[in-house]
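Here is the file model-v6.pdb (PDB, C-alpha atoms, pLDDT in the B column).
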```pdb
ATOM      1  CA  MET A   1      -6.181 -13.302  -7.678  1.00 77.00           C
ATOM      2  CA  ARG A   2      -5.464 -15.587  -4.715  1.00 80.00           C
ATOM      3  CA  SER A   3      -1.732 -14.875  -4.994  1.00 80.00           C
ATOM      4  CA  PHE A   4      -2.409 -11.154  -4.981  1.00 79.00           C
ATOM      5  CA  LEU A   5      -4.664 -11.336  -1.906  1.00 79.00           C
ATOM      6  CA  LYS A   6      -2.172 -13.541  -0.066  1.00 80.00           C
ATOM      7  CA  PHE A   7       0.552 -11.018  -0.835  1.00 76.00           C
ATOM      8  CA  LEU A   8      -1.537  -8.077   0.411  1.00 74.00           C
ATOM      9  CA  LYS A   9      -2.009  -9.739   3.787  1.00 75.00           C
ATOM     10  CA  ALA A  10       1.696 -10.438   4.237  1.00 73.00           C
ATOM     11  CA  GLN A  11       3.600  -7.617   2.512  1.00 69.00           C
ATOM     12  CA  SER A  12       3.512  -3.919   1.755  1.00 67.00           C
ATOM     13  CA  ILE A  13       6.123  -3.880  -1.019  1.00 76.00           C
ATOM     14  CA  GLY A  14       6.052  -6.014  -4.124  1.00 75.00           C
ATOM     15  CA  ALA A  15       5.768  -6.350  -7.855  1.00 76.00           C
ATOM     16  CA  PHE A  16       3.388  -8.388  -9.982  1.00 74.00           C
ATOM     17  CA  LEU A  17       3.522  -9.236 -13.648  1.00 78.00           C
ATOM     18  CA  ILE A  18       0.152  -9.788 -15.275  1.00 80.00           C
ATOM     19  CA  HIS A  19       0.766 -11.282 -18.692  1.00 76.00           C
ATOM     20  CA  GLY A  20      -0.902 -13.268 -21.408  1.00 77.00           C
ATOM     21  CA  LEU A  21      -1.988 -13.050 -25.003  1.00 77.00           C
ATOM     22  CA  LEU A  22      -2.685  -9.553 -26.275  1.00 75.00           C
ATOM     23  CA  ASP A  23      -6.070  -8.208 -25.136  1.00 79.00           C
ATOM     24  CA  HIS A  24      -7.000 -11.276 -23.084  1.00 82.00           C
ATOM     25  CA  GLY A  25      -8.097  -9.474 -19.924  1.00 82.00           C
ATOM     26  CA  GLN A  26      -4.883  -8.228 -18.356  1.00 84.00           C
ATOM     27  CA  ARG A  27      -6.153  -4.661 -17.941  1.00 84.00           C
ATOM     28  CA  TRP A  28      -9.500  -5.950 -16.692  1.00 87.00           C
ATOM     29  CA  LEU A  29      -7.737  -8.095 -14.062  1.00 85.00           C
ATOM     30  CA  LEU A  30      -5.520  -5.189 -13.015  1.00 84.00           C
ATOM     31  CA  ASN A  31      -8.546  -2.933 -12.648  1.00 83.00           C
ATOM     32  CA  ARG A  32     -10.393  -5.572 -10.639  1.00 82.00           C
ATOM     33  CA  LEU A  33      -7.466  -6.170  -8.269  1.00 81.00           C
ATOM     34  CA  VAL A  34      -6.953  -2.471  -7.676  1.00 79.00           C
ATOM     35  CA  THR A  35     -10.584  -1.401  -7.337  1.00 78.00           C
ATOM     36  CA  GLN A  36     -11.659  -4.312  -5.168  1.00 76.00           C
ATOM     37  CA  HIS A  37      -8.621  -4.852  -2.977  1.00 71.00           C
ATOM     38  CA  ILE A  38      -6.547  -1.667  -2.664  1.00 73.00           C
ATOM     39  CA  ARG A  39      -7.675   1.561  -1.101  1.00 64.00           C
ATOM     40  CA  LEU A  40      -6.681   4.426  -3.350  1.00 57.00           C
ATOM     41  CA  GLY A  41      -9.101   7.337  -3.256  1.00 54.00           C
ATOM     42  CA  THR A  42      -7.487  10.252  -1.467  1.00 52.00           C
ATOM     43  CA  MET A  43      -5.023   7.885   0.236  1.00 65.00           C
ATOM     44  CA  GLY A  44      -3.190   6.626  -2.791  1.00 77.00           C
ATOM     45  CA  LYS A  45      -1.536   7.293  -6.109  1.00 84.00           C
ATOM     46  CA  MET A  46      -1.518   5.343  -9.313  1.00 85.00           C
ATOM     47  CA  VAL A  47       1.083   6.105 -11.955  1.00 90.00           C
ATOM     48  CA  ARG A  48       0.506   4.568 -15.388  1.00 88.00           C
ATOM     49  CA  ILE A  49       3.137   4.382 -18.085  1.00 88.00           C
ATOM     50  CA  GLU A  50       2.487   3.016 -21.560  1.00 84.00           C
ATOM     51  CA  LEU A  51       5.752   1.299 -22.439  1.00 80.00           C
ATOM     52  CA  ASP A  52       4.651   0.354 -25.935  1.00 77.00           C
ATOM     53  CA  ARG A  53       4.600   4.046 -26.808  1.00 71.00           C
ATOM     54  CA  ILE A  54       7.994   4.672 -25.240  1.00 61.00           C
ATOM     55  CA  GLY A  55       9.357   1.397 -26.616  1.00 51.00           C
ATOM     56  CA  ARG A  56       9.429   2.853 -30.113  1.00 55.00           C
ATOM     57  CA  ARG A  57      12.260   5.088 -28.979  1.00 63.00           C
ATOM     58  CA  ARG A  58      15.671   3.493 -28.914  1.00 63.00           C
ATOM     59  CA  ASP A  59      17.090   5.079 -25.774  1.00 73.00           C
ATOM     60  CA  ILE A  60      16.367   4.414 -22.101  1.00 83.00           C
ATOM     61  CA  SER A  61      16.303   8.146 -21.419  1.00 86.00           C
ATOM     62  CA  ALA A  62      12.818   8.256 -23.012  1.00 85.00           C
ATOM     63  CA  LEU A  63      11.569   6.006 -20.224  1.00 86.00           C
ATOM     64  CA  TRP A  64      13.145   8.151 -17.501  1.00 90.00           C
ATOM     65  CA  ARG A  65      11.733  11.356 -19.048  1.00 89.00           C
ATOM     66  CA  GLU A  66       8.244   9.873 -19.184  1.00 88.00           C
ATOM     67  CA  PHE A  67       8.471   8.420 -15.683  1.00 91.00           C
ATOM     68  CA  GLY A  68       9.873  11.649 -14.202  1.00 93.00           C
ATOM     69  CA  GLY A  69       7.022  13.608 -15.763  1.00 92.00           C
ATOM     70  CA  ARG A  70       4.444  11.136 -14.437  1.00 91.00           C
ATOM     71  CA  VAL A  71       5.671  11.525 -10.864  1.00 93.00           C
ATOM     72  CA  GLY A  72       5.685  15.310 -11.094  1.00 92.00           C
ATOM     73  CA  LEU A  73       9.425  15.903 -11.308  1.00 94.00           C
ATOM     74  CA  GLY A  74       9.620  17.159 -14.834  1.00 85.00           C
ATOM     75  CA  ARG A  75      11.369  15.397 -17.629  1.00 80.00           C
ATOM     76  CA  GLN A  76      15.074  15.641 -16.722  1.00 82.00           C
ATOM     77  CA  HIS A  77      15.464  13.540 -13.581  1.00 88.00           C
ATOM     78  CA  SER A  78      17.484  10.474 -12.731  1.00 92.00           C
ATOM     79  CA  PRO A  79      16.096   7.084 -11.724  1.00 93.00           C
ATOM     80  CA  THR A  80      17.369   7.780  -8.200  1.00 93.00           C
ATOM     81  CA  GLU A  81      15.371  11.018  -7.970  1.00 94.00           C
ATOM     82  CA  ILE A  82      12.274   9.286  -9.329  1.00 94.00           C
ATOM     83  CA  ALA A  83      12.648   6.468  -6.785  1.00 94.00           C
ATOM     84  CA  GLU A  84      13.046   9.030  -3.998  1.00 94.00           C
ATOM     85  CA  ARG A  85       9.793  10.756  -5.025  1.00 95.00           C
ATOM     86  CA  VAL A  86       7.903   7.459  -5.102  1.00 94.00           C
ATOM     87  CA  PHE A  87       9.407   6.472  -1.739  1.00 93.00           C
ATOM     88  CA  HIS A  88       8.153   9.701  -0.127  1.00 93.00           C
ATOM     89  CA  TRP A  89       4.676   9.020  -1.482  1.00 91.00           C
ATOM     90  CA  TRP A  90       4.805   5.424  -0.220  1.00 88.00           C
ATOM     91  CA  LYS A  91       5.524   6.553   3.342  1.00 87.00           C
ATOM     92  CA  THR A  92       2.050   8.114   3.598  1.00 86.00           C
ATOM     93  CA  GLN A  93      -0.148   6.320   1.064  1.00 84.00           C
ATOM     94  CA  ASN A  94      -0.594   3.371  -1.250  1.00 82.00           C
ATOM     95  CA  VAL A  95       1.386   3.752  -4.467  1.00 86.00           C
ATOM     96  CA  ILE A  96       0.695   1.646  -7.534  1.00 87.00           C
ATOM     97  CA  LEU A  97       2.995   1.826 -10.526  1.00 88.00           C
ATOM     98  CA  VAL A  98       1.521   0.326 -13.686  1.00 88.00           C
ATOM     99  CA  PHE A  99       3.725  -0.356 -16.670  1.00 86.00           C
ATOM    100  CA  HIS A 100       1.571  -1.381 -19.624  1.00 84.00           C
ATOM    101  CA  GLY A 101       3.284  -3.104 -22.543  1.00 81.00           C
ATOM    102  CA  VAL A 102       6.353  -4.462 -20.762  1.00 81.00           C
ATOM    103  CA  ASP A 103       6.858  -6.853 -23.672  1.00 80.00           C
ATOM    104  CA  CYS A 104       7.425  -3.856 -25.985  1.00 79.00           C
ATOM    105  CA  MET A 105      10.538  -2.697 -24.166  1.00 79.00           C
ATOM    106  CA  PRO A 106      13.958  -4.009 -25.082  1.00 81.00           C
ATOM    107  CA  GLU A 107      15.118  -6.460 -22.416  1.00 83.00           C
ATOM    108  CA  GLY A 108      18.018  -4.221 -21.420  1.00 85.00           C
ATOM    109  CA  TYR A 109      15.629  -1.353 -20.658  1.00 85.00           C
ATOM    110  CA  LEU A 110      13.553  -3.566 -18.409  1.00 85.00           C
ATOM    111  CA  GLN A 111      16.674  -4.729 -16.596  1.00 89.00           C
ATOM    112  CA  GLU A 112      17.759  -1.121 -16.125  1.00 90.00           C
ATOM    113  CA  LEU A 113      14.297  -0.212 -14.798  1.00 90.00           C
ATOM    114  CA  LEU A 114      14.636  -2.995 -12.234  1.00 90.00           C
ATOM    115  CA  ASP A 115      18.262  -2.253 -11.316  1.00 93.00           C
ATOM    116  CA  GLU A 116      18.179   1.548 -11.338  1.00 93.00           C
ATOM    117  CA  PHE A 117      14.674   2.151  -9.984  1.00 93.00           C
ATOM    118  CA  TRP A 118      12.808  -0.809  -8.500  1.00 92.00           C
ATOM    119  CA  LEU A 119      15.553  -2.493  -6.455  1.00 93.00           C
ATOM    120  CA  PRO A 120      16.746   0.749  -4.781  1.00 93.00           C
ATOM    121  CA  LEU A 121      13.131   1.757  -4.078  1.00 93.00           C
ATOM    122  CA  ALA A 122      12.204  -1.625  -2.592  1.00 90.00           C
ATOM    123  CA  SER A 123      15.392  -1.708  -0.498  1.00 91.00           C
ATOM    124  CA  GLN A 124      14.754   1.765   0.863  1.00 91.00           C
ATOM    125  CA  ALA A 125      11.150   0.874   1.723  1.00 88.00           C
ATOM    126  CA  ARG A 126      12.183  -2.368   3.460  1.00 86.00           C
ATOM    127  CA  MET A 127      14.806  -0.540   5.529  1.00 88.00           C
ATOM    128  CA  SER A 128      12.187   2.018   6.517  1.00 86.00           C
ATOM    129  CA  LEU A 129       9.810  -0.744   7.610  1.00 79.00           C
ATOM    130  CA  GLN A 130      12.549  -2.432   9.655  1.00 80.00           C
ATOM    131  CA  GLN A 131      13.450   0.850  11.382  1.00 81.00           C
ATOM    132  CA  ASN A 132       9.809   1.541  12.217  1.00 72.00           C
ATOM    133  CA  THR A 133       9.260  -1.929  13.692  1.00 66.00           C
ATOM    134  CA  SER A 134      12.423  -1.816  15.826  1.00 59.00           C
ATOM    135  CA  TYR A 135      11.196   1.098  17.976  1.00 53.00           C
TER
END
```

Go through the file and emit its structure as structure tokens.
Amino acid sequence: MRSFLKFLKAQSIGAFLIHGLLDHGQRWLLNRLVTQHIRLGTMGKMVRIELDRIGRRRDISALWREFGGRVGLGRQHSPTEIAERVFHWWKTQNVILVFHGVDCMPEGYLQELLDEFWLPLASQARMSLQQNTSY
């Protein structure tokens, strides 16, 4: 919890992995961090994806279809389009992406999620922050 609070004071873009033995309070901790320390309400979005359900499929396209649907794009969109949607949300509100069951995904899928979605999104957000602070 201290790491999370320290991060919130210093950053606006980041990722956290909450892990541990199955059903040992990870969802409780996530809920506590979000409800007590992040303003959502009408000024934020939370997107939840259950990877253990998707993980039963053997193609990464199942993840992109689910994710695209969760961000309101429909089910046939690229990781780039999904990242663009999330970036536009982020410019005006808090955005929390929750991926439950990361351990259920094949390692290659997780790497693709990071490479194709998270890294481009974080880079775009950082560039936007740098442009806004240079004025």

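Distance annotation: of A:Thr35, A:Ser61, A:Asn132, A:Ser3, the residue with the minimal separation from Leu113 (chain A) is A:Ser61; atom set is only C-alpha atoms.
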
One decimal, Å: what's the distance from CA of Leu22 (chain A) over to CA of Phe117 (chain A), could you say?
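Going from CA of Leu22 (chain A) over to CA of Phe117 (chain A), I get 26.5 Å.
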
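Of the listed residues (A:Ile49, A:Leu29, A:Leu119, A:Leu129), A:Leu119 comes nearest to Pro79 (chain A); the distances count only C-alpha atoms.
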
Nearby residues (all atoms listed in the file) at most 12 Å from region 62-76 of chain A, same-chain spacing under 2 positions excluded, as a PyMOL selection string
chain A and resi 45-60+78-89+95-99+102+105-106+109-110+112-113+116-117

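When the distance limit is 9 Å and all atoms listed in the file are what count, the residues near Ile38 (chain A), minus those fewer than 3 positions from it on the same chain, are Leu8, Leu33, Val34, Thr35, Gly44 and Asn94 of chain A.
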
The selected residues should be written to file as a tab-separated table (two decimals), keeping the file's coordinate frame (atoms: C-alpha atoms).
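The file below, part.tsv, is the result:
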```
chain	number	residue	atom	x	y	z
A	8	LEU	CA	-1.54	-8.08	0.41
A	33	LEU	CA	-7.47	-6.17	-8.27
A	34	VAL	CA	-6.95	-2.47	-7.68
A	35	THR	CA	-10.58	-1.40	-7.34
A	44	GLY	CA	-3.19	6.63	-2.79
A	94	ASN	CA	-0.59	3.37	-1.25
```

Atomic separation - CA of Thr92 (chain A) relative to CA of His37 (chain A), Å:
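Separation of CA of His37 (chain A) and CA of Thr92 (chain A): 18.0 Å.
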
For the structure provided, state which residues fall under the PyMOL selection byres ((chain A and resi 17) around 10), and present them as a ChimeraX atom specification.
/A:15-16,18-20,26,30,98-99,102

Got time to write the residues from that selection, C-alpha atoms, as a tab-separated table (two decimals), in the coordinates of the input?
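So the final result, stored in out19.tsv, reads:
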```tsv
chain	number	residue	atom	x	y	z
A	15	ALA	CA	5.77	-6.35	-7.86
A	16	PHE	CA	3.39	-8.39	-9.98
A	18	ILE	CA	0.15	-9.79	-15.28
A	19	HIS	CA	0.77	-11.28	-18.69
A	20	GLY	CA	-0.90	-13.27	-21.41
A	26	GLN	CA	-4.88	-8.23	-18.36
A	30	LEU	CA	-5.52	-5.19	-13.02
A	98	VAL	CA	1.52	0.33	-13.69
A	99	PHE	CA	3.72	-0.36	-16.67
A	102	VAL	CA	6.35	-4.46	-20.76
```

One decimal place gives the CA of Ile13 (chain A)-CA of Leu114 (chain A) separation as 14.1 Å

Ranking A:Leu21, A:Trp28, A:His77, A:Gln131 by minimum distance to Asp103 (chain A) and counting all atoms listed in the file, which one comes first?
A:Leu21

What are the centre and edge lengths in Å, to one decimal, of the axis-aligned box around all listed atoms of region 101-107 of chain A with 5 Å added on each side, as AutoDock Vina command-line options?
```
--center_x 9.2 --center_y -4.8 --center_z -23.4 --size_x 21.8 --size_y 14.2 --size_z 15.2
```

Using the partial input, fill out region 77-101 of chain A with N, CA and C atoms; write the result as a CSV table (one decimal), keeping the file's coordinate frame.
```csv
chain,number,residue,atom,x,y,z
A,77,HIS,N,15.1,14.0,-14.9
A,77,HIS,CA,15.5,13.5,-13.6
A,77,HIS,C,16.0,12.1,-13.7
A,78,SER,N,16.8,11.8,-12.7
A,78,SER,CA,17.5,10.5,-12.7
A,78,SER,C,16.6,9.4,-12.1
A,79,PRO,N,16.9,8.1,-12.4
A,79,PRO,CA,16.1,7.1,-11.7
A,79,PRO,C,16.1,7.2,-10.2
A,80,THR,N,17.3,7.6,-9.7
A,80,THR,CA,17.4,7.8,-8.2
A,80,THR,C,16.4,8.8,-7.7
A,81,GLU,N,16.3,10.0,-8.4
A,81,GLU,CA,15.4,11.0,-8.0
A,81,GLU,C,13.9,10.6,-8.1
A,82,ILE,N,13.6,9.8,-9.1
A,82,ILE,CA,12.3,9.3,-9.3
A,82,ILE,C,11.9,8.3,-8.2
A,83,ALA,N,12.9,7.4,-7.9
A,83,ALA,CA,12.6,6.5,-6.8
A,83,ALA,C,12.4,7.2,-5.5
A,84,GLU,N,13.2,8.2,-5.2
A,84,GLU,CA,13.0,9.0,-4.0
A,84,GLU,C,11.6,9.6,-3.9
A,85,ARG,N,11.1,10.2,-5.0
A,85,ARG,CA,9.8,10.8,-5.0
A,85,ARG,C,8.7,9.7,-4.7
A,86,VAL,N,8.9,8.5,-5.3
A,86,VAL,CA,7.9,7.5,-5.1
A,86,VAL,C,8.0,7.0,-3.7
A,87,PHE,N,9.2,6.9,-3.1
A,87,PHE,CA,9.4,6.5,-1.7
A,87,PHE,C,8.7,7.4,-0.8
A,88,HIS,N,8.8,8.7,-1.0
A,88,HIS,CA,8.2,9.7,-0.1
A,88,HIS,C,6.6,9.6,-0.2
A,89,TRP,N,6.1,9.3,-1.4
A,89,TRP,CA,4.7,9.0,-1.5
A,89,TRP,C,4.3,7.8,-0.7
A,90,TRP,N,5.1,6.7,-0.9
A,90,TRP,CA,4.8,5.4,-0.2
A,90,TRP,C,4.7,5.5,1.3
A,91,LYS,N,5.5,6.4,1.9
A,91,LYS,CA,5.5,6.6,3.3
A,91,LYS,C,4.2,7.0,3.9
A,92,THR,N,3.3,7.6,3.1
A,92,THR,CA,2.0,8.1,3.6
A,92,THR,C,0.8,7.6,2.9
A,93,GLN,N,1.0,6.8,1.8
A,93,GLN,CA,-0.1,6.3,1.1
A,93,GLN,C,0.2,5.1,0.2
A,94,ASN,N,-0.8,4.4,-0.3
A,94,ASN,CA,-0.6,3.4,-1.2
A,94,ASN,C,-0.1,4.0,-2.6
A,95,VAL,N,0.9,3.3,-3.2
A,95,VAL,CA,1.4,3.8,-4.5
A,95,VAL,C,1.4,2.5,-5.4
A,96,ILE,N,0.7,2.7,-6.5
A,96,ILE,CA,0.7,1.6,-7.5
A,96,ILE,C,1.3,2.2,-8.8
A,97,LEU,N,2.3,1.5,-9.3
A,97,LEU,CA,3.0,1.8,-10.5
A,97,LEU,C,2.6,0.8,-11.6
A,98,VAL,N,2.0,1.2,-12.6
A,98,VAL,CA,1.5,0.3,-13.7
A,98,VAL,C,2.3,0.6,-15.0
A,99,PHE,N,3.0,-0.4,-15.4
A,99,PHE,CA,3.7,-0.4,-16.7
A,99,PHE,C,3.0,-1.2,-17.7
A,100,HIS,N,2.3,-0.6,-18.6
A,100,HIS,CA,1.6,-1.4,-19.6
A,100,HIS,C,2.5,-1.6,-20.8
A,101,GLY,N,2.5,-2.8,-21.4
A,101,GLY,CA,3.3,-3.1,-22.5
A,101,GLY,C,4.7,-3.4,-22.2
```
